[in-house]
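Quick notes on the structure that follows.
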Amino acid sequence: MLWLFTDPARGKNPVAAAARLPKGISGVVFRHDRVPGRAALGRALALLCRARRLALVVAGDTRLAVSLGAGIHLRGGRWPDAVRVASRLVTSSAHGVAEIRRARAAGAKIVFLSPAFATASHPGAAWLGPARWSALSRHGQGMHVVALGGITGASARRLKVASRLGRFCAGAGAIGALGG
């Protein structure tokens, strides 16, 4: 599965980027926190996602997710507020074993393990690389583990080769590579 992560600093038009995703096998993680017009942008994305059969999860705002009929995206396995709702889809970011476990305990079905590779989102930050990403992914039993961070066609192939060390990579998430 291919996931677009919206980013107000790096992606100018998330609706246009989502419109380019393959129908029925893609999703959008809506992360435009504290952006004017967030609810309207969320509604536009939700309409597009329904029309194109794309999954949609909202980060940082359970109430907005519910109002859009979207899933919830947790950061590090933590709910964004006190509201806990049954959702058809709960996803989470994770940067290590503790966050993978917290995501599972919080009910996440998909965990985005990052940063797989060097990424413009966090310049100069340490990244996992294929062997470490695959080894950490083993802790995601019961969830789909998706690679995030520095994902390109070439880096995705590197994860596929390394997957024999851990679990198979269930998909890829990206910002810049998808124009998000």
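All residue names refer to the structure tokens as shown: chains lettered A, B, ... in order, residues numbered from 1 in each chain, ligands numbered from 1 in order.
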Sort by chain and increasing residue number a table of all residues of segment 99-130 of chain A within 12 Å of segment 56-74 of chain A, each with its closest pair of atoms and their distance in Å to one decimal, counting only C-alpha atoms, and write it as a tab-separated table.
residue	atom	partner	partner_atom	distance
A:Glu99	CA	A:Leu74	CA	10.3
A:Ile100	CA	A:Leu74	CA	11.1
A:Arg102	CA	A:Leu74	CA	10.0
A:Ala103	CA	A:Leu74	CA	7.5
A:Arg104	CA	A:Leu74	CA	10.8
A:Ala105	CA	A:Leu74	CA	11.6
A:Ala106	CA	A:Leu74	CA	8.6
A:Gly107	CA	A:Leu74	CA	9.8
A:Ala108	CA	A:Leu74	CA	8.0
A:Lys109	CA	A:His73	CA	10.4
A:Ile110	CA	A:His73	CA	9.3
A:Val111	CA	A:Leu74	CA	9.2
A:Phe112	CA	A:His73	CA	10.0
In segment 5-108 of chain A, DSSP strand (DSSP E) residues written as JSON, numbers by chain
{"A": [5, 26, 27, 28, 29, 30, 55, 56, 57, 58, 59, 71, 72, 73, 74, 90, 91, 92, 93, 94]}
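Taking the backbone of this structure through DSSP, the residues of segment 82-115 of chain A that come out as alpha helix (DSSP H) are Val97, Ala98, Glu99, Ile100, Arg101, Arg102, Ala103, Arg104 and Ala105 of chain A.
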Export of prior selection with C-alpha atoms as a CSV table (one decimal), in the first residue's frame:
chain,number,residue,atom,x,y,z
A,97,VAL,CA,10.5,-0.8,19.7
A,98,ALA,CA,8.7,1.0,22.5
A,99,GLU,CA,6.6,3.0,20.1
A,100,ILE,CA,5.8,-0.1,18.1
A,101,ARG,CA,4.5,-1.8,21.2
A,102,ARG,CA,2.6,1.3,22.3
A,103,ALA,CA,1.0,1.5,18.9
A,104,ARG,CA,-0.2,-2.1,19.1
A,105,ALA,CA,-1.5,-1.6,22.6
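Near Ser114 of chain A, within a cut-off of 10 Å and counting only C-alpha atoms, sit the residues Ser93, Ala94, His95, Gly96, Ala118, Thr119, Trp127, Leu128, Gly129, Trp133, Val146, Ala147, Leu148, Gly149, Gly150 and Gly173 of chain A, with same-chain residues fewer than 4 positions away left out.
Across the structure, atom CA of Pro14 of chain A and atom CA of His32 of chain A are spaced 9.6 Å apart.
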Using only C-alpha atoms, which protein or nucleic acid residues come within 7 Å of Pro130 of chain A? Drop anything in the same chain fewer than 4 positions from it, and give the result as a PyMOL selection string.
chain A and resi 116+134+158-159+162
Between atom CA of Ile25 of chain A and atom CA of Pro123 of chain A, what is the distance in Å, rounded to a tenth?
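Distance between the two atoms: 29.5 Å.
One finds atom CA of Thr6 of chain A at 6.3 Å from atom CA of Val29 of chain A.
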